[in-house]
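Before any comments, here is the structure.
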Amino acid sequence: MLDDVEAVVLVGGKGTRLRPLTLSAPKPMLPTAGVPFLAHLLSRIRAAGVRRVVLGTSYLAETFEEHFGDGESLDLELTYVVEDQPLGTGGGIANVAKHLTTENVMVFNGDVLCGTDLTAVVDTHRRTDADVTLHLVRVQDPRAYGCVPTDADGRVQAFLEKTEDPPTDQINAGCYVFRRSVIEDIPQGRVVSVERETFPGLLEAGARVSGHVDNAYWRDMGTPADLVHGSADLVRGVAPSAALPGPAGESIVLPGATVAKDAFVFGGTAVGRDAVIGAGAKVEGCMVFDGAVIEPHAVVESSVVGAGARIEAGAHVRDAVIGDRAVIGAHCELKGGVRVWPEVQLPPHGVRFSADV
């Protein structure tokens with residue numbers, strides 16, 4: 001158990017790739033499988049034995065403390081540190097340095113869904129007497145990510161930018177263990193990237209940078225498609241979490257929601273509080289936020305339906321983001337990454353967006 005380790009979670013980003021969802025909430029606070037995404041990460045941190053977590057916040061910073069408070073309900077001690085201006089990953093870590101007390105500190109990017117064994121990552125850090133240890137995950141197509149090759153002894157060799165011919169399938173998974181003295185050496189008060197400045201600088205200085213490599217579940221939740229798929233994986237139990245508000249299965253329906261008996265709600269769908277799913281509706285692999293309404297015989301697939309939004313009868317929505325309180329008129333058809341901003345109202349038959357005629 002990691003009761004002698006503290007954790008830092010970086011949650012300061014604006015989540016611009018997820019707009020319009022992040023206009024009203026930071027990315028880590030978006031309802032994911034029925035609870036804020038951050039709740040899943042905090043539950044895993046606590047399950048590993050960590051008791052104290054420092055949250056590095058910036059964008060809509062107050063929303064975190066309003067929801068989680070001092071952390072008592074999670075059996076955690078939470079401390080909030082606000083960045084007055086964005087400082088990057090390294091700058092964000094340096095900004096919380098004075099609040100840390102343990103020799104080793106786990107650092108997490110707050111937008112990654114991962115199932116790795118946190119205790120094993122720390123064990124690798126201690127066994128190799130590392131200054132920093134990175135969790136590295138193997139992916140089928142590493143071209144979209146920076147690659148991190150390691151030698152036979154597990155030492156990190158380099159930090160490589162995205163390339164069409166990557167030399168390894170290992171990528172940075174956004175979870176690190178730092179010796180606290182390394183954190184204290186990161187420059188204060190300016191933008192610092194751990195990937196481009198801190199880690200390469202450590203290699204040049206001859207520091208021990210270790211890699212903990214595994215094939216654990218991993219997903220960057222930065223795009224609407226990844227957010228929807230990650231939420232569905234949590235609901236179905238494919239991605240591990242102790243924070244689910246109900247048993248894993250085809251769907252999770254929160255208290256106050258109404259689902260018609262002949263509606264089809266499956267594929268890892270999460271239905272928020274006071275939402276309504278009408279008769280004959282088909283809702284597959286979706287995030288349906290609080291108070292949303294999906295009317296009879298509408299079809300909604302792999303999409304986010306924002307709080308208080310309405311999908312009217314017979315509409316078909318696939319791979320889309322519907323903003324809070326938007327209205328998709330009856331028999332409209334929206335597919336292929338369409339995003340509808342909050343409050344927008346599309347009239348019945350007003351939009352048909354699909355590849356076929």
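Residue names in the structure tokens use chain letters A, B, ... in the order shown, residue numbers from 1 in each chain, and ligand numbers from 1 in the order shown.
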Could you make a table, as a Markdown table, of the residues of region 205-243 of chain A that have an atom within 12 Å of an atom of region 291-308 of chain A, each with its nearest atom pair and distance in Å to one decimal, counting only C-alpha atoms, in chain and number order?
```
| residue | atom | partner | partner_atom | distance |
| --- | --- | --- | --- | --- |
| A:Thr223 | CA | A:Val304 | CA | 11.6 |
| A:Pro224 | CA | A:Val304 | CA | 7.9 |
| A:Ala225 | CA | A:Ser302 | CA | 7.7 |
| A:Asp226 | CA | A:Ser302 | CA | 10.1 |
| A:Leu227 | CA | A:Val304 | CA | 8.9 |
| A:Val228 | CA | A:Ser302 | CA | 6.3 |
| A:His229 | CA | A:Ser302 | CA | 7.5 |
| A:Gly230 | CA | A:Ser302 | CA | 10.8 |
| A:Ser231 | CA | A:Ser302 | CA | 10.2 |
| A:Ala232 | CA | A:Ser302 | CA | 8.8 |
| A:Asp233 | CA | A:Ser302 | CA | 11.9 |
```
What would the file look like if the residues just selected were written as a short mmCIF file (atom, residue, chain, number, x, y, z; two decimals), in the first residue's frame with N, CA, C and O atoms?
```
data_model
loop_
_atom_site.label_atom_id
_atom_site.label_comp_id
_atom_site.auth_asym_id
_atom_site.auth_seq_id
_atom_site.Cartn_x
_atom_site.Cartn_y
_atom_site.Cartn_z
N THR A 223 -10.84 13.83 -26.65
CA THR A 223 -11.77 14.12 -27.74
C THR A 223 -13.15 13.58 -27.40
O THR A 223 -13.28 12.67 -26.57
N PRO A 224 -14.21 14.11 -28.04
CA PRO A 224 -15.55 13.58 -27.76
C PRO A 224 -15.66 12.08 -27.99
O PRO A 224 -16.27 11.36 -27.20
N ALA A 225 -15.05 11.57 -29.07
CA ALA A 225 -15.13 10.13 -29.34
C ALA A 225 -14.48 9.32 -28.23
O ALA A 225 -15.04 8.30 -27.77
N ASP A 226 -13.30 9.77 -27.76
CA ASP A 226 -12.64 9.04 -26.68
C ASP A 226 -13.41 9.16 -25.37
O ASP A 226 -13.48 8.21 -24.59
N LEU A 227 -14.00 10.31 -25.12
CA LEU A 227 -14.80 10.49 -23.91
C LEU A 227 -15.98 9.53 -23.90
O LEU A 227 -16.25 8.85 -22.90
N VAL A 228 -16.69 9.45 -25.02
CA VAL A 228 -17.85 8.57 -25.12
C VAL A 228 -17.43 7.10 -24.97
O VAL A 228 -18.05 6.33 -24.21
N HIS A 229 -16.37 6.71 -25.67
CA HIS A 229 -15.93 5.32 -25.59
C HIS A 229 -15.42 4.98 -24.20
O HIS A 229 -15.66 3.88 -23.68
N GLY A 230 -14.68 5.91 -23.58
CA GLY A 230 -14.19 5.67 -22.24
C GLY A 230 -15.32 5.52 -21.23
O GLY A 230 -15.28 4.64 -20.36
N SER A 231 -16.33 6.37 -21.33
CA SER A 231 -17.47 6.26 -20.44
C SER A 231 -18.17 4.92 -20.62
O SER A 231 -18.53 4.25 -19.63
N ALA A 232 -18.35 4.50 -21.87
CA ALA A 232 -19.00 3.21 -22.12
C ALA A 232 -18.16 2.06 -21.56
O ALA A 232 -18.71 1.10 -21.00
N ASP A 233 -16.84 2.15 -21.66
CA ASP A 233 -15.98 1.10 -21.10
C ASP A 233 -16.09 1.05 -19.59
O ASP A 233 -16.04 -0.04 -18.99
#
```
message: At a cut-off of 7 Å, using only C-alpha atoms, what residues contact Trp218 (chain A)? Leave out same-chain residues fewer than 6 positions from it and give the result as a PyMOL selection string.
response: chain A and resi 113-115
Got time to write the residues from that selection, C-alpha atoms, as a PDB file, in the first residue's frame?
```pdb
ATOM      1  CA  LEU A 113      -8.392   6.777 -18.135  1.00  0.00           C
ATOM      2  CA  CYS A 114      -6.056   3.964 -17.173  1.00  0.00           C
ATOM      3  CA  GLY A 115      -6.179   0.598 -15.461  1.00  0.00           C
TER       4      GLY A 115
END
```
Gap from CA of Gly314 (chain A) to CA of Pro255 (chain A) - Å, one decimal: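 So the answer is 25.9 Å.
Using only C-alpha atoms for every distance, the candidate list A:Val321, A:Met287, A:Leu55, A:Ala97 yields A:Ala97 as the residue closest to Gln188 (chain A).
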- prompt: If we count only C-alpha atoms, what is near Lys14 (chain A) at a cut-off of 8 Å, once residues fewer than 6 positions away on the same chain are taken out, given as a VMD selection string?
  reply: chain A and resid 22 26 to 27 59
Please produce an output containing all heavy atoms for each residue in the selection, written as a PDB file, in the first residue's frame.
```pdb
ATOM      1  N   THR A  22     -17.129  21.598 -22.453  1.00  0.00           N
ATOM      2  CA  THR A  22     -16.281  22.228 -21.445  1.00  0.00           C
ATOM      3  C   THR A  22     -16.499  23.729 -21.331  1.00  0.00           C
ATOM      4  O   THR A  22     -15.738  24.407 -20.633  1.00  0.00           O
ATOM      5  CB  THR A  22     -14.804  21.937 -21.756  1.00  0.00           C
ATOM      6  OG1 THR A  22     -14.558  22.219 -23.142  1.00  0.00           O
ATOM      7  CG2 THR A  22     -14.473  20.485 -21.476  1.00  0.00           C
ATOM      8  N   PRO A  26     -15.061  21.992 -16.313  1.00  0.00           N
ATOM      9  CA  PRO A  26     -13.739  21.515 -16.724  1.00  0.00           C
ATOM     10  C   PRO A  26     -13.841  20.057 -17.169  1.00  0.00           C
ATOM     11  O   PRO A  26     -14.704  19.303 -16.702  1.00  0.00           O
ATOM     12  CB  PRO A  26     -12.899  21.645 -15.447  1.00  0.00           C
ATOM     13  CG  PRO A  26     -13.717  22.422 -14.481  1.00  0.00           C
ATOM     14  CD  PRO A  26     -15.138  22.265 -14.878  1.00  0.00           C
ATOM     15  N   LYS A  27     -12.945  19.654 -18.052  1.00  0.00           N
ATOM     16  CA  LYS A  27     -12.964  18.288 -18.581  1.00  0.00           C
ATOM     17  C   LYS A  27     -13.020  17.223 -17.479  1.00  0.00           C
ATOM     18  O   LYS A  27     -13.825  16.288 -17.575  1.00  0.00           O
ATOM     19  CB  LYS A  27     -11.742  18.083 -19.478  1.00  0.00           C
ATOM     20  CG  LYS A  27     -11.585  16.694 -20.050  1.00  0.00           C
ATOM     21  CD  LYS A  27     -10.570  16.643 -21.182  1.00  0.00           C
ATOM     22  CE  LYS A  27      -9.278  17.352 -20.912  1.00  0.00           C
ATOM     23  NZ  LYS A  27      -8.296  17.168 -21.996  1.00  0.00           N
ATOM     24  N   TYR A  59      -8.607  26.356 -14.825  1.00  0.00           N
ATOM     25  CA  TYR A  59      -9.874  26.683 -15.501  1.00  0.00           C
ATOM     26  C   TYR A  59     -11.061  26.234 -14.647  1.00  0.00           C
ATOM     27  O   TYR A  59     -11.134  25.079 -14.235  1.00  0.00           O
ATOM     28  CB  TYR A  59      -9.890  26.002 -16.863  1.00  0.00           C
ATOM     29  CG  TYR A  59     -11.167  26.158 -17.643  1.00  0.00           C
ATOM     30  CD1 TYR A  59     -11.613  27.415 -18.059  1.00  0.00           C
ATOM     31  CD2 TYR A  59     -11.937  25.050 -17.972  1.00  0.00           C
ATOM     32  CE1 TYR A  59     -12.787  27.558 -18.773  1.00  0.00           C
ATOM     33  CE2 TYR A  59     -13.105  25.179 -18.709  1.00  0.00           C
ATOM     34  CZ  TYR A  59     -13.526  26.438 -19.101  1.00  0.00           C
ATOM     35  OH  TYR A  59     -14.695  26.576 -19.819  1.00  0.00           O
TER      36      TYR A  59
END
```
Please list as a PDB file with all heavy atoms, in the first residue's frame every residue within 8 Å of Val81 (chain A), counting only C-alpha atoms and excluding residues in the same chain fewer than 5 positions away.
```pdb
ATOM      1  N   VAL A  54      -3.079  16.338  -4.043  1.00  0.00           N
ATOM      2  CA  VAL A  54      -3.057  17.763  -4.345  1.00  0.00           C
ATOM      3  C   VAL A  54      -3.563  17.939  -5.775  1.00  0.00           C
ATOM      4  O   VAL A  54      -3.040  17.316  -6.711  1.00  0.00           O
ATOM      5  CB  VAL A  54      -1.644  18.357  -4.204  1.00  0.00           C
ATOM      6  CG1 VAL A  54      -1.661  19.854  -4.518  1.00  0.00           C
ATOM      7  CG2 VAL A  54      -1.094  18.105  -2.807  1.00  0.00           C
ATOM      8  N   LEU A  55      -4.587  18.762  -5.950  1.00  0.00           N
ATOM      9  CA  LEU A  55      -5.154  19.018  -7.271  1.00  0.00           C
ATOM     10  C   LEU A  55      -4.628  20.352  -7.781  1.00  0.00           C
ATOM     11  O   LEU A  55      -4.827  21.397  -7.150  1.00  0.00           O
ATOM     12  CB  LEU A  55      -6.681  19.054  -7.215  1.00  0.00           C
ATOM     13  CG  LEU A  55      -7.385  17.759  -6.794  1.00  0.00           C
ATOM     14  CD1 LEU A  55      -8.893  17.968  -6.754  1.00  0.00           C
ATOM     15  CD2 LEU A  55      -7.053  16.629  -7.738  1.00  0.00           C
ATOM     16  N   GLY A  56      -3.957  20.311  -8.937  1.00  0.00           N
ATOM     17  CA  GLY A  56      -3.479  21.530  -9.574  1.00  0.00           C
ATOM     18  C   GLY A  56      -4.536  22.036 -10.533  1.00  0.00           C
ATOM     19  O   GLY A  56      -4.723  21.486 -11.616  1.00  0.00           O
ATOM     20  N   THR A  57      -5.247  23.084 -10.154  1.00  0.00           N
ATOM     21  CA  THR A  57      -6.403  23.563 -10.908  1.00  0.00           C
ATOM     22  C   THR A  57      -6.095  24.905 -11.571  1.00  0.00           C
ATOM     23  O   THR A  57      -5.139  25.589 -11.225  1.00  0.00           O
ATOM     24  CB  THR A  57      -7.627  23.732 -10.002  1.00  0.00           C
ATOM     25  OG1 THR A  57      -7.383  24.807  -9.085  1.00  0.00           O
ATOM     26  CG2 THR A  57      -7.913  22.466  -9.208  1.00  0.00           C
ATOM     27  N   ASN A  95       4.247  24.231  -9.322  1.00  0.00           N
ATOM     28  CA  ASN A  95       3.365  25.148  -8.604  1.00  0.00           C
ATOM     29  C   ASN A  95       2.810  24.547  -7.314  1.00  0.00           C
ATOM     30  O   ASN A  95       2.389  25.284  -6.422  1.00  0.00           O
ATOM     31  CB  ASN A  95       2.207  25.558  -9.523  1.00  0.00           C
ATOM     32  CG  ASN A  95       1.440  26.746  -9.011  1.00  0.00           C
ATOM     33  OD1 ASN A  95       2.020  27.766  -8.664  1.00  0.00           O
ATOM     34  ND2 ASN A  95       0.112  26.620  -8.950  1.00  0.00           N
ATOM     35  N   VAL A  96       2.807  23.221  -7.198  1.00  0.00           N
ATOM     36  CA  VAL A  96       2.270  22.581  -5.992  1.00  0.00           C
ATOM     37  C   VAL A  96       3.389  22.068  -5.084  1.00  0.00           C
ATOM     38  O   VAL A  96       3.114  21.467  -4.041  1.00  0.00           O
ATOM     39  CB  VAL A  96       1.317  21.413  -6.346  1.00  0.00           C
ATOM     40  CG1 VAL A  96       0.237  21.876  -7.307  1.00  0.00           C
ATOM     41  CG2 VAL A  96       2.071  20.222  -6.939  1.00  0.00           C
TER      42      VAL A  96
END
```
field: Residue nearest Gly110 (chain A) among A:Val283, A:Ala173, A:Val5, A:Ile252 (counting only C-alpha atoms)
entry: A:Ala173
Secondary structure check, helix (DSSP H, G or I) residues of region 38-191 of chain A, as a ChimeraX atom specification: /A:38-47,62-68,72-74,88-95,97-99,118-127,142-144,180-185
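The two atoms in question, CA of Pro348 (chain A) and CA of Asp262 (chain A), are spaced 23.8 Å apart.
The gap separating CA of Leu203 (chain A) from CA of Thr119 (chain A) is 24.6 Å, in Å to one decimal.
Closest to Ala281 (chain A) among A:Leu254, A:Arg52, A:His316, A:Ala248 is A:His316, based on only C-alpha atoms.
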message: Measuring between only C-alpha atoms, which one of A:Pro142, A:Gly350, A:Pro187, A:Gly268 shows the shortest distance to Asn172 (chain A)?
response: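 Comparing A:Pro142, A:Gly350, A:Pro187, A:Gly268 against Asn172 (chain A), the winner is A:Pro142.
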task: Quick one: everything within 12 Å of Ala39 (chain A), counting only C-alpha atoms, minus sequence neighbours fewer than 4 positions away in the same chain. Send it as number ranges by chain.
output: A: 9, 28-35, 43-46, 64, 67-68, 71, 73-74, 76, 110-111, 113, 234, 241-245
DSSP strand (DSSP E or B) selection over region 14-231 of chain A, as a PyMOL selection string: chain A and resi 31-32+35-36+52-57+77-82+104-109+112-114+132-138+147+150+155-156+160+170-179+209-214+218-220
query: Which residue gives the smallest distance to Lys335 (chain A) among A:Val317, A:Ala94, A:Val213, A:Ala239, with only C-alpha atoms counted?
result: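 For Lys335 (chain A), the nearest of the candidates is A:Val317.
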- line: Using only C-alpha atoms, the shortest atom-to-atom distance to Glu83 (chain A) among A:Leu134, A:Ala7, A:Val53, A:Val191 belongs to A:Val191
Set the distance at 6 Å and use only C-alpha atoms: which residues neighbour Arg325 (chain A) once local chain neighbours fewer than 4 positions away are removed? I'd like the list as an mmCIF file with N, CA and C atoms, in the first residue's frame.
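Now in out.cif:
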```cif
data_model
loop_
_atom_site.group_PDB
_atom_site.id
_atom_site.type_symbol
_atom_site.label_atom_id
_atom_site.label_comp_id
_atom_site.auth_asym_id
_atom_site.auth_seq_id
_atom_site.Cartn_x
_atom_site.Cartn_y
_atom_site.Cartn_z
ATOM 1 N N GLY A 308 -30.205 18.828 -19.857
ATOM 2 C CA GLY A 308 -31.412 19.527 -20.261
ATOM 3 C C GLY A 308 -31.656 19.572 -21.752
ATOM 4 N N ALA A 309 -30.825 18.902 -22.548
ATOM 5 C CA ALA A 309 -31.037 18.884 -24.000
ATOM 6 C C ALA A 309 -32.215 17.976 -24.342
ATOM 7 N N PRO A 342 -24.720 24.855 -26.911
ATOM 8 C CA PRO A 342 -25.810 25.003 -25.942
ATOM 9 C C PRO A 342 -26.883 25.979 -26.418
ATOM 10 N N GLU A 343 -28.123 25.659 -26.094
ATOM 11 C CA GLU A 343 -29.297 26.512 -26.342
ATOM 12 C C GLU A 343 -29.751 26.529 -27.807
#
```
